[in-house]
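Q: You'll find input_22.cif just under this line, and it carries mmCIF, C-alpha atoms and all ligand atoms.
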data_entry
#
loop_
_atom_site.label_atom_id
_atom_site.label_comp_id
_atom_site.auth_asym_id
_atom_site.auth_seq_id
_atom_site.Cartn_x
_atom_site.Cartn_y
_atom_site.Cartn_z
CA MET D 26 107.87 68.86 122.21
CA ARG D 27 108.17 70.93 119.04
CA ILE D 28 110.37 73.99 118.86
CA GLY D 29 109.70 76.65 116.23
CA ILE D 30 112.06 79.45 115.29
CA ASP D 31 111.00 82.39 113.12
CA LEU D 32 114.09 84.11 111.79
CA GLY D 33 112.91 87.61 110.95
CA GLY D 34 114.75 90.58 109.52
CA THR D 35 114.70 92.42 112.85
CA LYS D 36 113.83 89.80 115.46
CA ILE D 37 114.00 86.08 116.06
CA GLU D 38 110.91 84.52 117.65
CA ALA D 39 111.17 81.13 119.31
CA ILE D 40 108.46 78.93 120.81
CA ALA D 41 108.29 75.49 122.37
CA LEU D 42 104.95 73.75 121.82
CA ASP D 43 103.93 70.95 124.10
CA ALA D 44 100.85 69.16 122.77
CA ASP D 45 100.36 72.33 120.71
CA ALA D 46 100.24 74.59 123.77
CA PRO D 47 103.16 76.99 124.26
CA ALA D 48 105.53 75.72 126.97
CA ALA D 49 108.10 78.50 126.58
CA ARG D 50 108.88 81.40 124.28
CA ARG D 51 111.65 83.88 123.60
CA ARG D 52 112.33 86.85 121.36
CA VAL D 53 115.72 88.40 120.54
CA ALA D 54 117.00 90.97 118.05
CA THR D 55 118.35 89.41 114.85
CA PRO D 56 122.16 89.63 114.60
CA ARG D 57 123.05 91.04 111.20
CA ASP D 58 125.69 88.46 110.40
CA TYR D 59 125.63 84.73 109.71
CA ALA D 60 127.76 83.48 112.62
CA GLY D 61 125.80 85.60 115.08
CA THR D 62 122.50 84.34 113.66
CA LEU D 63 123.59 80.69 114.04
CA ASP D 64 124.72 81.34 117.62
CA ALA D 65 121.43 83.06 118.46
CA ILE D 66 119.33 80.14 117.17
CA VAL D 67 121.42 77.55 119.01
CA ARG D 68 121.19 79.60 122.21
CA LEU D 69 117.41 79.99 121.89
CA VAL D 70 116.89 76.26 121.44
CA ALA D 71 119.04 75.55 124.52
CA GLU D 72 117.12 78.11 126.60
CA LEU D 73 113.70 76.78 125.56
CA GLU D 74 114.73 73.20 126.29
CA ARG D 75 116.12 74.19 129.68
CA GLU D 76 112.93 76.03 130.58
CA ALA D 77 110.65 73.24 129.34
CA GLY D 78 112.85 70.57 130.92
CA ARG D 79 113.16 68.39 127.81
CA GLY D 80 114.35 68.26 124.22
CA GLY D 81 112.33 68.81 121.08
CA SER D 82 112.25 68.81 117.31
CA VAL D 83 113.37 72.04 115.64
CA GLY D 84 111.68 73.77 112.69
CA VAL D 85 112.98 77.09 111.40
CA GLY D 86 111.21 79.62 109.21
CA ILE D 87 113.64 81.79 107.24
CA PRO D 88 113.29 84.73 104.86
CA GLY D 89 114.22 82.69 101.80
CA VAL D 90 114.69 78.96 101.28
CA VAL D 91 117.39 76.33 101.43
CA SER D 92 117.89 75.49 97.77
CA ARG D 93 117.25 71.88 96.79
CA ALA D 94 119.89 72.31 94.10
CA THR D 95 122.76 73.47 96.33
CA GLY D 96 121.77 73.15 100.00
CA LEU D 97 122.53 76.85 100.37
CA VAL D 98 120.17 79.67 101.34
CA LYS D 99 118.77 81.65 98.40
CA ASN D 100 116.25 84.45 97.98
CA ALA D 101 116.74 85.92 101.47
CA ASN D 102 116.24 89.62 102.05
CA SER D 103 118.40 89.11 105.16
CA THR D 104 121.23 89.03 102.66
CA TRP D 105 123.86 87.75 105.11
CA LEU D 106 122.12 84.36 104.92
CA ILE D 107 122.47 84.06 101.13
CA GLY D 108 124.84 81.32 100.01
CA GLN D 109 125.20 79.90 103.53
CA PRO D 110 124.73 76.19 104.40
CA LEU D 111 122.23 77.08 107.13
CA LEU D 112 120.48 73.71 107.32
CA ALA D 113 123.72 71.70 107.53
CA ASP D 114 125.22 74.10 110.07
CA LEU D 115 122.12 74.00 112.28
CA GLU D 116 121.93 70.21 112.16
CA ALA D 117 125.62 69.99 113.14
CA ARG D 118 125.33 72.56 115.95
CA LEU D 119 122.05 71.16 117.33
CA ALA D 120 123.04 67.51 116.78
CA ARG D 121 119.67 66.52 115.30
CA PRO D 122 117.77 66.76 112.02
CA VAL D 123 116.26 70.21 111.48
CA ARG D 124 113.58 71.37 109.06
CA VAL D 125 113.89 74.75 107.42
CA ALA D 126 111.15 76.40 105.36
CA ASN D 127 110.29 79.79 103.96
CA ASP D 128 108.86 82.07 106.64
CA ALA D 129 105.90 83.13 104.52
CA ASN D 130 105.05 79.45 104.01
CA CYS D 131 105.19 78.89 107.79
CA PHE D 132 102.91 81.88 108.29
CA THR D 133 100.47 80.69 105.62
CA LEU D 134 100.36 77.17 107.01
CA SER D 135 99.55 78.45 110.49
CA GLU D 136 96.81 80.78 109.25
CA ALA D 137 95.36 78.17 106.87
CA ILE D 138 95.06 75.59 109.64
CA ASP D 139 93.43 77.58 112.41
CA GLY D 140 93.78 81.26 111.60
CA ALA D 141 92.14 83.70 109.21
CA GLY D 142 92.19 81.10 106.42
CA ARG D 143 90.59 78.33 108.44
CA GLY D 144 88.04 76.39 106.42
CA SER D 145 89.17 77.84 103.08
CA GLU D 146 90.46 75.61 100.33
CA THR D 147 92.98 78.10 98.89
CA VAL D 148 94.84 80.63 101.01
CA PHE D 149 97.33 83.22 99.85
CA GLY D 150 99.38 84.31 102.86
CA VAL D 151 101.16 87.64 102.58
CA ILE D 152 104.09 88.98 104.56
CA LEU D 153 104.41 92.76 104.52
CA GLY D 154 107.41 93.43 106.74
CA THR D 155 111.09 94.18 106.29
CA GLY D 156 110.58 92.28 103.05
CA VAL D 157 107.52 91.15 101.10
CA GLY D 158 106.86 87.45 100.72
CA GLY D 159 103.94 85.13 100.21
CA GLY D 160 102.86 81.55 100.51
CA ILE D 161 100.13 79.39 99.01
CA ALA D 162 98.23 76.79 101.03
CA ILE D 163 95.86 74.43 99.27
CA ARG D 164 93.71 72.28 101.56
CA GLN D 165 96.02 73.12 104.49
CA ARG D 166 99.14 72.00 102.67
CA ILE D 167 101.85 74.29 101.38
CA HIS D 168 102.33 74.37 97.63
CA GLU D 169 106.07 74.95 97.31
CA GLY D 170 106.87 74.26 93.66
CA PRO D 171 110.01 72.78 92.08
CA ASN D 172 111.94 76.04 92.46
CA GLN D 173 110.53 76.55 95.98
CA ILE D 174 109.26 79.99 95.01
CA ALA D 175 105.48 79.55 94.80
CA GLY D 176 103.86 82.70 96.17
CA GLU D 177 106.96 84.90 95.82
CA TRP D 178 105.05 87.88 94.48
CA GLY D 179 107.46 90.33 96.18
CA HIS D 180 109.90 90.13 93.29
CA ASN D 181 107.42 90.60 90.51
CA PRO D 182 107.31 94.16 89.22
CA LEU D 183 104.63 96.40 90.68
CA PRO D 184 101.66 96.01 88.29
CA TRP D 185 100.03 98.92 86.44
CA MET D 186 102.91 101.26 87.31
CA THR D 187 102.37 104.96 86.80
CA GLU D 188 104.93 106.84 84.75
CA GLU D 189 106.18 108.43 87.94
CA GLU D 190 106.61 105.04 89.60
CA ARG D 191 108.41 103.66 86.59
CA ALA D 192 110.77 106.61 86.42
CA ALA D 193 111.67 106.37 90.11
CA ALA D 194 111.44 102.59 90.46
CA PRO D 195 113.75 101.67 93.36
CA GLU D 196 116.51 99.13 92.88
CA CYS D 197 116.00 95.83 94.70
CA TYR D 198 118.60 93.61 96.36
CA CYS D 199 117.56 90.88 93.90
CA GLY D 200 119.12 92.83 91.04
CA LYS D 201 115.88 94.02 89.45
CA CYS D 202 114.10 97.35 89.60
CA GLY D 203 110.59 98.25 90.77
CA CYS D 204 109.87 94.98 92.62
CA VAL D 205 106.66 94.86 94.65
CA GLU D 206 108.85 94.53 97.76
CA THR D 207 110.56 97.86 97.14
CA PHE D 208 107.15 99.57 97.39
CA LEU D 209 105.27 97.48 99.95
CA SER D 210 107.89 96.60 102.56
CA GLY D 211 108.13 98.78 105.67
CA PRO D 212 111.34 100.40 104.42
CA GLY D 213 109.68 100.92 101.00
CA PHE D 214 106.76 102.72 102.62
CA GLU D 215 109.11 104.93 104.62
CA ARG D 216 111.23 105.72 101.57
CA ASP D 217 108.16 106.68 99.54
CA HIS D 218 107.04 109.06 102.27
CA ALA D 219 110.52 110.56 102.64
CA LEU D 220 110.85 111.09 98.87
CA ARG D 221 107.63 113.09 98.60
CA SER D 222 107.77 114.94 101.92
CA GLY D 223 111.49 115.43 102.42
CA THR D 224 111.00 114.18 105.99
CA VAL D 225 112.28 110.86 107.30
CA ARG D 226 109.70 109.16 109.51
CA SER D 227 109.18 105.61 110.73
CA SER D 228 106.08 103.72 109.57
CA ARG D 229 104.56 104.22 113.00
CA GLU D 230 105.18 107.97 112.85
CA ILE D 231 103.66 108.18 109.37
CA VAL D 232 100.50 106.41 110.58
CA ARG D 233 100.24 108.77 113.55
CA ALA D 234 100.80 111.83 111.36
CA ALA D 235 98.18 110.63 108.88
CA ALA D 236 95.64 110.23 111.68
CA ALA D 237 96.41 113.83 112.69
CA GLY D 238 95.69 115.02 109.14
CA ASP D 239 99.24 115.46 107.80
CA PRO D 240 98.81 115.56 104.00
CA HIS D 241 102.16 113.94 103.14
CA ALA D 242 101.50 111.07 105.54
CA MET D 243 97.96 110.64 104.23
CA GLY D 244 99.28 110.63 100.68
CA ALA D 245 101.87 107.96 101.51
CA LEU D 246 99.15 105.76 103.05
CA GLU D 247 96.87 106.24 100.04
CA ARG D 248 99.65 105.28 97.63
CA TYR D 249 100.48 102.27 99.80
CA HIS D 250 96.87 101.07 99.69
CA ASP D 251 96.62 101.48 95.94
CA ARG D 252 99.92 99.69 95.30
CA LEU D 253 98.94 96.81 97.57
CA VAL D 254 95.61 96.53 95.75
CA ARG D 255 97.36 96.40 92.36
CA ALA D 256 99.92 93.84 93.51
CA LEU D 257 97.25 91.59 95.05
CA ALA D 258 94.92 91.96 92.06
CA ALA D 259 97.66 90.43 89.89
CA VAL D 260 97.97 87.53 92.34
CA ILE D 261 94.20 87.02 92.39
CA ASN D 262 94.07 87.01 88.58
CA LEU D 263 96.55 84.13 88.60
CA LEU D 264 95.67 82.09 91.70
CA ASP D 265 92.11 83.15 92.54
CA PRO D 266 92.42 82.25 96.25
CA GLU D 267 89.41 82.19 98.54
CA VAL D 268 91.23 84.21 101.18
CA VAL D 269 94.18 86.57 101.27
CA VAL D 270 95.66 86.73 104.77
CA LEU D 271 97.76 89.79 105.55
CA GLY D 272 100.74 89.43 107.90
CA GLY D 273 103.99 91.15 108.85
CA GLY D 274 104.40 94.49 110.59
CA MET D 275 102.73 96.52 107.83
CA SER D 276 99.54 94.44 108.17
CA ASN D 277 98.95 96.43 111.37
CA LEU D 278 98.21 99.58 109.35
CA PRO D 279 94.74 100.59 110.51
CA GLY D 280 91.96 99.61 108.12
CA LEU D 281 94.31 97.91 105.65
CA ALA D 282 92.19 94.82 104.88
CA ALA D 283 89.08 96.93 104.30
CA ALA D 284 90.96 99.37 102.06
CA VAL D 285 92.26 96.49 99.95
CA SER D 286 88.82 94.88 99.66
CA VAL D 287 87.32 98.14 98.47
CA GLY D 288 90.07 98.69 95.89
CA LEU D 289 90.31 95.21 94.34
CA PRO D 290 87.32 95.37 91.95
CA ARG D 291 89.06 98.16 90.06
CA TYR D 292 91.87 95.83 88.96
CA VAL D 293 90.75 92.19 89.26
CA PHE D 294 89.56 90.62 86.00
CA SER D 295 86.10 89.71 87.25
CA ASP D 296 82.59 91.18 87.47
CA ALA D 297 82.75 90.85 91.28
CA VAL D 298 85.53 90.01 93.69
CA LEU D 299 84.48 87.29 96.13
CA THR D 300 87.98 86.81 97.56
CA SER D 301 88.04 87.87 101.17
CA VAL D 302 90.95 89.85 102.58
CA ALA D 303 91.69 89.44 106.27
CA VAL D 304 94.38 90.34 108.74
CA ASN D 305 96.04 87.31 110.35
CA VAL D 306 94.64 85.88 113.57
CA HIS D 307 97.84 84.78 115.26
CA GLY D 308 99.90 87.95 114.81
CA ASP D 309 103.61 87.63 115.48
CA SER D 310 103.04 84.03 116.58
CA SER D 311 101.90 82.74 113.20
CA GLY D 312 105.35 82.27 111.68
CA VAL D 313 106.78 80.60 114.73
CA ARG D 314 103.81 78.23 115.11
CA GLY D 315 104.05 77.23 111.46
CA ALA D 316 107.79 76.61 111.95
CA ALA D 317 107.15 74.35 114.94
CA TRP D 318 104.58 72.43 112.88
CA LEU D 319 107.16 71.58 110.23
CA TRP D 320 107.57 68.44 112.35
CA PRO D 321 104.60 66.11 112.83
CA SER D 322 102.92 65.95 116.21
CA GLY D 323 105.04 64.14 118.76
CA GLY D 324 108.16 65.86 117.42
CA ASP D 325 109.94 62.65 116.51
CA PRO D 326 113.04 63.88 114.68
CA SER D 327 113.47 60.43 113.17
CA GLY D 328 110.13 60.84 111.39
CA SER D 329 109.86 60.88 107.63
CA ASP D 330 110.32 63.79 105.23
CA PRO D 331 113.44 63.21 103.21
CA SER D 332 113.23 66.67 101.64
CA GLY D 333 114.00 68.22 105.00
CA SER D 334 112.12 71.32 104.03
CA ASP D 335 108.66 70.20 103.13
CA PRO D 336 106.08 71.98 105.26
CA SER D 337 103.31 69.91 103.68
CA VAL D 338 104.02 67.18 106.23
CA LYS D 339 101.98 69.12 108.76
CA THR D 340 99.35 66.77 110.03
CA GLY D 341 97.32 68.72 112.52
CA GLY D 342 97.51 70.70 115.69
CA ARG D 343 96.03 73.58 117.59
CA ASP D 344 97.70 76.23 119.65
CA SER D 345 94.90 77.72 121.64
CA GLY D 346 97.27 79.52 123.96
CA THR D 347 98.30 82.25 121.55
ZN ZN P 1 113.42 92.19 93.89
#
Mind converting the file's structure to structure tokens?

A:
Amino acid sequence: MRIGIDLGGTKIEAIALDADAPAARRRVATPRDYAGTLDAIVRLVAELEREAGRGGSVGVGIPGVVSRATGLVKNANSTWLIGQPLLADLEARLARPVRVANDANCFTLSEAIDGAGRGSETVFGVILGTGVGGGIAIRQRIHEGPNQIAGEWGHNPLPWMTEEERAAAPECYCGKCGCVETFLSGPGFERDHALRSGTVRSSREIVRAAAAGDPHAMGALERYHDRLVRALAAVINLLDPEVVVLGGGMSNLPGLAAAVSVGLPRYVFSDAVLTSVAVNVHGDSSGVRGAAWLWPSGGDPSGSDPSGSDPSVKTGGRDSGT
């Protein structure tokens, strides 16, 4: 049995896969401190194993990565994880080897194998949620890179910034200003709407207001579309993926994939844009499935992968139940 944990900014998803079919699943709110997060993961694993009646391998997708240089978490927008020995602590608490990988990589792996990127050689997976991340799958294997940051477009500056955007570029937790994440995350979208309208609304409320014809809400959505198009055009100029798969809570904005497809030719350096843009197939389950698949089928925790964080070991699998 393979257990996958997707450690999100607001919720933790957990799934137990038995022969790639879900045997049990759980969802809890993410504690906003390190000790609480560790406890929550350990508790979820125990609950899943009790419900399924047996033990399993554990793969965890996190917003960030465990650095190969230090063994500590880096690049996490859930900032209470930064600098923590998450992998070592989990292995000690769970008394078994654990694999930890970037959540966007887990998402991309899942979608590249049997989701919206199925059958495509190059997939750029995008997380638009509490933070903005990305992952690159080439022939159904994650390309991680020596710094483990391949696909991290969220902390590039927003391309083709207007003067207004440059002047009001929000500060990012990473220490820079005007990062893609500060515009395209859920909180970034809400802040942009609040700045222009003077009204604080949730993303959901903005979408509802836009559908009802509210000009401020419609303006916020239009700006969001255009910024996403610009940010993805820069990625396409560099990587030229066959498919861009949209994930995370903001990917549920109505008509988002179509709006991006229509906008791309304006910015991509090509006579025509043949890259397809699609919303993910497996929804909230994609990250957690990819995390479970960090271990090869059979879930033998004594199996190989000395790096402990290499999602490219994925060898196959289908989860038709989600
Ligand atoms: Zn940043």

Q: Identify which of the residues D:Asp43, D:Gly150, D:Cys199, D:His218 lies closest to Gly81 in chain D, counting all atoms listed in the file when measuring atom-to-atom distances.

A: D:Asp43

Q: May I have a table of the residues of chain D lying at most 6 Å from ligand ZN 1 (chain P), giving each one's closest pair of atoms and their distance in Å to one decimal, counting all atoms listed in the file, ordered by chain and ascending residue number, as a tab-separated table?

A:
residue	atom	partner	partner_atom	distance
D:His180	CA	P:ZN1	ZN	4.1
D:Cys197	CA	P:ZN1	ZN	4.5
D:Tyr198	CA	P:ZN1	ZN	5.9
D:Cys199	CA	P:ZN1	ZN	4.3
D:Lys201	CA	P:ZN1	ZN	5.4
D:Cys204	CA	P:ZN1	ZN	4.7

Q: Taking all atoms listed in the file into account, which of D:Ala117, D:Val123, D:Val70, D:Ala44 comes nearest Val91 in chain D?

A: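 Of all the options, D:Val123 lies closest to Val91 in chain D.
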
Q: For the atom pair CA of Gly80 in chain D and CA of Ala60 in chain D, what is the interatomic distance in Å to one decimal place?

A: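 It comes out at 23.4 Å.
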
Q: Report, in Å with one decimal, the straight-line distance from CA of Val302 in chain D to CA of Val269 in chain D.

A: 4.8 Å

Q: When you draw a straight line from CA of Ala137 in chain D to CA of Trp318 in chain D, how long is it in Å?

A: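 CA of Trp318 in chain D lies at a distance of 12.4 Å from CA of Ala137 in chain D.
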
Q: When you look at Ala303 in chain D with a cut-off of 7 Å (counting all atoms listed in the file), what residues show up, excluding the ones that are within fewer than 2 positions of it in the same chain? I need them as an MDAnalysis selection string.

A: chainID D and resid 141 269:271 282 301 305

Q: Report the centre and edge lengths, in Å to one decimal, of an axis-aligned box enclosing every atom of range 58-75 of chain D listed in the file, padded by 3 Å on each side, as AutoDock Vina command-line options.

A:
--center_x 120.7 --center_y 80.8 --center_z 119.7 --size_x 20.1 --size_y 21.3 --size_z 26.0

Q: Nearest to Val268 in chain D: which of D:Gly142, D:Gly308, D:Gly154, D:Gly238 is it, counting all atoms listed in the file?

A: D:Gly142

Q: Compare D:Thr300, D:Ser286, D:Ser311, D:Ser92 by their minimum atom-to-atom distance to Ala129 in chain D, counting all atoms listed in the file, and give me the closest one.

A: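 Between D:Thr300, D:Ser286, D:Ser311, D:Ser92, the residue approaching Ala129 in chain D most closely is D:Ser311.
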
Q: Nearest to Gly203 in chain D: which of D:Arg252, D:Arg27, D:Arg124, D:Arg50 is it, counting only C-alpha atoms?

A: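 Looking at the shortest contact to Gly203 in chain D, the residue is D:Arg252.
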
Q: Phe149 in chain D: which residues within 8 Å, counting all atoms listed in the file, same-chain residues fewer than 2 positions away excluded, as an NGL selection string?

A: :D and (133 or 147 or 151 or 159-162 or 176 or 266 or 268-270)

Q: Would you kindly return, as an MDAnalysis selection string, each protein, DNA or RNA residue with an atom no farther than 12 Å from any atom of Val85 in chain D, considering only C-alpha atoms and excluding same-chain residues fewer than 6 positions away?

A: chainID D and resid 27:33 37:40 63 66:67 69:70 91 111:112 115:116 122:132 312:320 333:336

Q: Go through D:Gly272, D:Pro290, D:Gly89, D:Pro195 one by one, measure the shortest atom-to-atom distance of each to Glu136 in chain D using only C-alpha atoms, and give the residue with the smallest value.

A: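 Closest to Glu136 in chain D, using only C-alpha atoms: D:Gly272.
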
Q: So that each row is one residue of range 140-214 of chain D with an atom at most 9 Å from range 227-234 of chain D, can you give its shortest atom pair and the distance in Å to one decimal, using only C-alpha atoms, rows by chain and rising number, as a tab-separated table?

A:
residue	atom	partner	partner_atom	distance
D:Gly211	CA	D:Ser228	CA	6.6
D:Pro212	CA	D:Ser228	CA	8.1
D:Phe214	CA	D:Ser228	CA	7.1
